[in-house]
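> You'll find data-v8.pdb just under this line, and it carries PDB, C-alpha atoms and all ligand atoms.
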ATOM      1  CA  MET O   1      50.530  94.703 -86.292
ATOM      2  CA  GLY O   2      52.042  95.998 -83.021
ATOM      3  CA  THR O   3      55.654  95.072 -83.665
ATOM      4  CA  VAL O   4      55.721  96.738 -87.054
ATOM      5  CA  GLY O   5      54.149  99.826 -85.562
ATOM      6  CA  TYR O   6      57.010 100.100 -83.092
ATOM      7  CA  ALA O   7      59.696  99.307 -85.643
ATOM      8  CA  LYS O   8      58.445 101.978 -87.998
ATOM      9  CA  PRO O   9      60.797 104.921 -87.859
ATOM     10  CA  SER O  10      59.654 108.474 -88.215
ATOM     11  CA  GLY O  11      60.930 110.935 -90.799
ATOM     12  CA  ASP O  12      60.894 110.774 -94.569
ATOM     13  CA  SER O  13      64.489 109.720 -95.119
ATOM     14  CA  GLU O  14      64.722 106.703 -92.778
ATOM     15  CA  VAL O  15      65.667 103.108 -93.691
ATOM     16  CA  GLY O  16      67.895 104.107 -96.543
ATOM     17  CA  SER O  17      65.016 105.420 -98.581
ATOM     18  CA  SER O  18      63.821 108.844 -99.479
ATOM     19  CA  ARG O  19      61.238 110.289-101.836
ATOM     20  CA  ASN O  20      62.192 111.305-105.369
ATOM     21  CA  ARG O  21      60.748 114.319-107.226
ATOM     22  CA  ARG O  22      57.610 112.362-108.115
ATOM     23  CA  GLY O  23      57.076 111.469-104.459
ATOM     24  CA  ARG O  24      58.023 107.793-104.909
ATOM     25  CA  TRP O  25      60.263 105.957-102.441
ATOM     26  CA  VAL O  26      63.778 105.264-103.693
ATOM     27  CA  THR O  27      66.645 103.535-101.899
ATOM     28  CA  THR O  28      70.252 104.653-102.177
ATOM     29  CA  ALA O  29      73.352 102.960-100.808
ATOM     30  CA  SER O  30      74.538 106.123 -99.090
ATOM     31  CA  SER O  31      71.290 106.750 -97.243
ATOM     32  CA  ALA O  32      71.166 103.054 -96.272
ATOM     33  CA  ASN O  33      74.723 103.183 -94.882
ATOM     34  CA  ARG O  34      73.896 106.308 -92.953
ATOM     35  CA  THR O  35      70.614 105.267 -91.402
ATOM     36  CA  LEU O  36      70.736 101.492 -90.844
ATOM     37  CA  PRO O  37      73.275 101.508 -87.966
ATOM     38  CA  ASN O  38      70.995 103.927 -86.084
ATOM     39  CA  LEU O  39      67.891 101.767 -86.361
ATOM     40  CA  LEU O  40      68.548  99.802 -83.183
ATOM     41  CA  TYR O  41      64.962  98.690 -82.664
ATOM     42  CA  LEU O  42      64.867  97.238 -86.167
ATOM     43  CA  HIS O  43      68.106  95.390 -85.406
ATOM     44  CA  SER O  44      66.578  93.887 -82.239
ATOM     45  CA  VAL O  45      63.532  92.751 -84.224
ATOM     46  CA  ILE O  46      65.788  91.024 -86.762
ATOM     47  CA  MET O  47      67.812  89.323 -84.026
ATOM     48  CA  GLU O  48      64.690  88.010 -82.300
ATOM     49  CA  MET O  49      63.396  86.769 -85.648
ATOM     50  CA  MET O  50      66.686  84.935 -86.233
ATOM     51  CA  ARG O  51      66.619  83.514 -82.711
ATOM     52  CA  MET O  52      63.176  81.959 -83.110
ATOM     53  CA  TYR O  53      63.513  80.975 -86.761
ATOM     54  CA  PRO O  54      67.201  80.461 -87.602
ATOM     55  CA  VAL O  55      67.899  80.210 -91.323
ATOM     56  CA  GLY O  56      70.145  77.190 -90.689
ATOM     57  CA  PRO O  57      68.510  75.302 -87.787
ATOM     58  CA  LEU O  58      71.358  72.743 -87.740
ATOM     59  CA  LEU O  59      74.013  75.153 -88.992
ATOM     60  CA  VAL O  60      76.269  73.584 -91.622
ATOM     61  CA  PRO O  61      77.659  70.065 -91.060
ATOM     62  CA  HIS O  62      81.303  69.952 -90.009
ATOM     63  CA  GLU O  63      83.692  67.007 -89.902
ATOM     64  CA  SER O  64      86.265  66.570 -87.170
ATOM     65  CA  SER O  65      89.855  66.467 -88.379
ATOM     66  CA  GLU O  66      90.940  64.666 -85.221
ATOM     67  CA  GLU O  67      89.467  62.738 -82.318
ATOM     68  CA  PHE O  68      87.727  64.886 -79.715
ATOM     69  CA  ARG O  69      85.586  64.680 -76.594
ATOM     70  CA  VAL O  70      82.367  66.474 -75.698
ATOM     71  CA  GLY O  71      81.480  65.793 -72.060
ATOM     72  CA  ARG O  72      81.618  62.018 -71.641
ATOM     73  CA  TYR O  73      81.379  61.301 -75.374
ATOM     74  CA  ARG O  74      84.369  60.459 -77.508
ATOM     75  CA  ALA O  75      84.126  61.121 -81.231
ATOM     76  CA  PRO O  76      86.705  59.640 -83.617
ATOM     77  CA  ARG O  77      88.314  61.604 -86.413
ATOM     78  CA  GLY O  78      85.972  62.103 -89.374
ATOM     79  CA  THR O  79      82.793  62.405 -87.275
ATOM     80  CA  MET O  80      80.081  64.580 -88.767
ATOM     81  CA  LEU O  81      79.106  67.272 -86.298
ATOM     82  CA  LEU O  82      75.720  68.960 -86.417
ATOM     83  CA  ILE O  83      74.878  71.781 -84.009
ATOM     84  CA  ASN O  84      71.206  71.899 -83.069
ATOM     85  CA  LEU O  85      71.020  75.667 -83.213
ATOM     86  CA  PHE O  86      67.228  75.704 -83.194
ATOM     87  CA  ALA O  87      67.204  73.841 -79.861
ATOM     88  CA  ILE O  88      69.857  76.138 -78.346
ATOM     89  CA  GLN O  89      68.154  79.346 -79.445
ATOM     90  CA  ASN O  90      64.762  78.095 -78.271
ATOM     91  CA  ASP O  91      65.897  76.595 -74.968
ATOM     92  CA  PRO O  92      63.874  77.960 -72.012
ATOM     93  CA  LYS O  93      66.962  77.438 -69.812
ATOM     94  CA  TYR O  94      68.677  80.333 -71.559
ATOM     95  CA  TRP O  95      65.725  82.363 -72.858
ATOM     96  CA  PRO O  96      62.943  83.469 -70.515
ATOM     97  CA  ASP O  97      59.509  83.486 -72.199
ATOM     98  CA  VAL O  98      61.129  81.455 -74.937
ATOM     99  CA  LEU O  99      58.028  81.193 -77.117
ATOM    100  CA  LYS O 100      57.315  84.902 -77.042
ATOM    101  CA  PHE O 101      58.605  87.282 -79.675
ATOM    102  CA  LYS O 102      60.411  89.750 -77.410
ATOM    103  CA  SER O 103      62.842  91.876 -79.343
ATOM    104  CA  GLU O 104      63.622  93.804 -76.117
ATOM    105  CA  ARG O 105      65.953  90.965 -75.096
ATOM    106  CA  PHE O 106      68.449  92.237 -77.681
ATOM    107  CA  GLU O 107      68.160  95.907 -76.873
ATOM    108  CA  GLY O 108      71.471  97.523 -75.954
ATOM    109  CA  LYS O 109      73.334  94.324 -76.881
ATOM    110  CA  GLU O 110      74.431  95.264 -80.380
ATOM    111  CA  GLY O 111      77.763  93.628 -81.137
ATOM    112  CA  VAL O 112      77.904  91.867 -77.733
ATOM    113  CA  ARG O 113      78.328  88.096 -77.705
ATOM    114  CA  ASP O 114      76.571  86.355 -74.819
ATOM    115  CA  GLY O 115      78.249  82.946 -74.753
ATOM    116  CA  TYR O 116      77.069  80.465 -77.364
ATOM    117  CA  LYS O 117      73.334  80.778 -76.991
ATOM    118  CA  MET O 118      72.832  82.902 -80.112
ATOM    119  CA  MET O 119      74.790  82.095 -83.276
ATOM    120  CA  PRO O 120      72.622  82.276 -86.408
ATOM    121  CA  PHE O 121      75.732  82.816 -88.540
ATOM    122  CA  GLY O 122      77.861  80.158 -86.873
ATOM    123  CA  LEU O 123      81.064  81.129 -85.099
ATOM    124  CA  THR O 124      84.806  81.490 -85.368
ATOM    125  CA  ARG O 125      86.871  80.605 -88.428
ATOM    126  CA  ARG O 126      84.096  78.834 -90.355
ATOM    127  CA  GLY O 127      81.410  81.318 -89.339
ATOM    128  CA  CYS O 128      79.549  83.120 -92.096
ATOM    129  CA  PRO O 129      81.875  85.675 -93.719
ATOM    130  CA  ALA O 130      78.840  87.623 -94.973
ATOM    131  CA  GLU O 131      77.191  88.207 -91.596
ATOM    132  CA  LYS O 132      77.371  91.998 -91.893
ATOM    133  CA  LEU O 133      76.222  91.990 -95.517
ATOM    134  CA  ALA O 134      73.295  89.697 -94.660
ATOM    135  CA  LEU O 135      72.203  91.793 -91.655
ATOM    136  CA  CYS O 136      72.437  94.936 -93.739
ATOM    137  CA  THR O 137      70.376  93.422 -96.576
ATOM    138  CA  ILE O 138      67.702  92.097 -94.206
ATOM    139  CA  GLY O 139      67.565  95.464 -92.411
ATOM    140  CA  LEU O 140      67.225  97.323 -95.678
ATOM    141  CA  THR O 141      64.536  94.976 -97.009
ATOM    142  CA  LEU O 142      62.484  94.800 -93.833
ATOM    143  CA  GLY O 143      62.969  98.474 -93.059
ATOM    144  CA  SER O 144      61.897  99.473 -96.574
ATOM    145  CA  LEU O 145      58.804  97.255 -96.381
ATOM    146  CA  ILE O 146      57.828  98.838 -93.073
ATOM    147  CA  ARG O 147      58.647 102.325 -94.312
ATOM    148  CA  CYS O 148      57.029 102.182 -97.724
ATOM    149  CA  PHE O 149      53.772 100.344 -97.013
ATOM    150  CA  GLU O 150      50.951 100.793 -94.552
ATOM    151  CA  TRP O 151      50.558  97.560 -92.528
ATOM    152  CA  ASN O 152      47.349  96.579 -90.781
TER
HETATM  153  C1  LIG E   1      70.546  85.546 -93.405
HETATM  154  C2  LIG E   1      71.566  85.266 -94.187
HETATM  155  C3  LIG E   1      72.642  84.275 -93.865
HETATM  156  C4  LIG E   1      72.740  83.389 -92.823
HETATM  157  C5  LIG E   1      71.782  83.182 -91.658
HETATM  158  C6  LIG E   1      73.972  82.676 -93.002
HETATM  159  C7  LIG E   1      74.423  81.693 -92.146
HETATM  160  C8  LIG E   1      75.554  80.941 -92.357
HETATM  161  C9  LIG E   1      75.958  79.845 -91.541
HETATM  162  C10 LIG E   1      75.215  79.319 -90.321
HETATM  163  C11 LIG E   1      77.120  79.372 -92.039
HETATM  164  C12 LIG E   1      77.948  78.177 -91.509
HETATM  165  C13 LIG E   1      78.741  78.563 -90.317
HETATM  166  C14 LIG E   1      79.375  77.360 -89.710
HETATM  167  O1  LIG E   1      79.852  76.491 -90.450
HETATM  168  O2  LIG E   1      79.431  77.250 -88.493
HETATM  169  C15 LIG E   1      77.461  80.168 -93.186
HETATM  170  C16 LIG E   1      78.588  79.995 -93.956
HETATM  171  C17 LIG E   1      78.871  80.717 -95.074
HETATM  172  N1  LIG E   1      78.151  81.769 -95.584
HETATM  173 FE1  LIG E   1      76.430  82.524 -94.813
HETATM  174  N2  LIG E   1      74.610  83.126 -94.118
HETATM  175  C18 LIG E   1      73.834  84.112 -94.683
HETATM  176  C19 LIG E   1      74.112  84.826 -95.819
HETATM  177  C20 LIG E   1      75.235  84.685 -96.581
HETATM  178  C21 LIG E   1      75.530  85.467 -97.772
HETATM  179  C22 LIG E   1      74.639  86.574 -98.316
HETATM  180  C23 LIG E   1      76.708  85.010 -98.249
HETATM  181  C24 LIG E   1      77.508  85.441 -99.443
HETATM  182  C25 LIG E   1      77.364  86.618-100.023
HETATM  183  C26 LIG E   1      77.185  83.956 -97.370
HETATM  184  C27 LIG E   1      78.357  83.251 -97.522
HETATM  185  C28 LIG E   1      78.762  82.221 -96.717
HETATM  186  C29 LIG E   1      79.970  81.427 -96.944
HETATM  187  C30 LIG E   1      80.967  81.578 -98.110
HETATM  188  C31 LIG E   1      80.030  80.491 -95.925
HETATM  189  C32 LIG E   1      81.108  79.388 -95.720
HETATM  190  C33 LIG E   1      82.187  79.893 -94.791
HETATM  191  C34 LIG E   1      83.218  78.795 -94.507
HETATM  192  O3  LIG E   1      82.871  77.624 -94.542
HETATM  193  O4  LIG E   1      84.384  79.130 -94.220
HETATM  194  N3  LIG E   1      76.256  83.794 -96.364
HETATM  195  N4  LIG E   1      76.504  81.121 -93.365
END
Please express the file's structure as structure tokens.


Amino acid sequence: MGTVGYAKPSGDSEVGSSRNRRGRWVTTASSANRTLPNLLYLHSVIMEMMRMYPVGPLLVPHESSEEFRVGRYRAPRGTMLLINLFAIQNDPKYWPDVLKFKSERFEGKEGVRDGYKMMPFGLTRRGCPAEKLALCTIGLTLGSLIRCFEWN
């Protein structure tokens, strides 16, 4: 599996895990906090995964508290608003080689927002308050799986 091969870090104490006295992998919060922010390739892989397969493809339904306009459409107060996030994040207009898993597109863009074309956690006031926790948990889980098992 090429991608996993690249994502696999070197060194025995990566991805928040290290070996105990019996040689088994164990994960500690302190080693996770220390190493995860440095695993930029892993982060790019996670972002590309969330681009192609967003957990909430239509985000969460919202309801307008007052009348509003989007382009030439007028929506009265109380309209249910669904954002087609899957369509936005898989739109070839914004994403070259849209069907290809290319984690490189997120390299060097950690913490940078590029308009509204990528928003797996929603945005602004009603955006997911656990974005950091979720990214950390996914990184730790995926990183540990890559680190602790041999993948073919
Ligand atoms: C991969 C993991 C997760 C994804 C992709 C995700 C995504 C989202 C999305 C898209 C929304 C709606 C944003 C919007 O309305 O525009 C949301 C809201 C929310 N999420 Fe998450 N979430 C994740 C994990 C979590 C976790 C682990 C927690 C709690 C520990 C959490 C707590 C919440 C809460 C409380 C809201 C409602 C915020 C509000 O309405 O003000 N999420 N999340």

> Pick out the residues no farther than 10 Å from ligand LIG 1 (chain E), counting only C-alpha atoms and all ligand atoms, and list them as a PyMOL selection string.

chain O and resi 46+50+53-62+82-83+85+119-138

> Could you please determine the separation between atom CA of O:Met49 and atom CA of O:Arg34 in Å, to one decimal place?

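Between atom CA of O:Met49 and atom CA of O:Arg34 the gap works out to 23.4 Å.
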
> Hey, can you check how far atom CA of O:Glu48 sits from atom CA of O:Val70?

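These two atoms are separated by 28.6 Å.
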
> How far is it from atom CA of O:Gln89 to atom CA of O:Gly108, in Å with one decimal?

18.8 Å

> For the file shown, what are the residues hit by the PyMOL selection byres (((chain O and resi 91-96) around 12) and not hetatm), laid out as a list in words?

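In the shown coordinates, the PyMOL selection byres (((chain O and resi 91-96) around 12) and not hetatm) covers Glu48, Arg51, Met52, Asn84, Leu85, Phe86, Ala87, Ile88, Gln89, Asn90, Asp97, Val98, Leu99, Lys100, Phe101, Lys102, Ser103, Glu104, Arg105, Phe106, Asp114, Gly115, Tyr116, Lys117 and Met118 of chain O.
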
> Return as JSON the centre and edge lengths, in Å with one decimal, of the box along x, y and z that encloses every atom of stretch 124-141 of chain O in the file, padded by 4 Å per side.


{"center_x": 75.7, "center_y": 88.1, "center_z": -91.2, "size_x": 30.3, "size_y": 26.5, "size_z": 19.6}
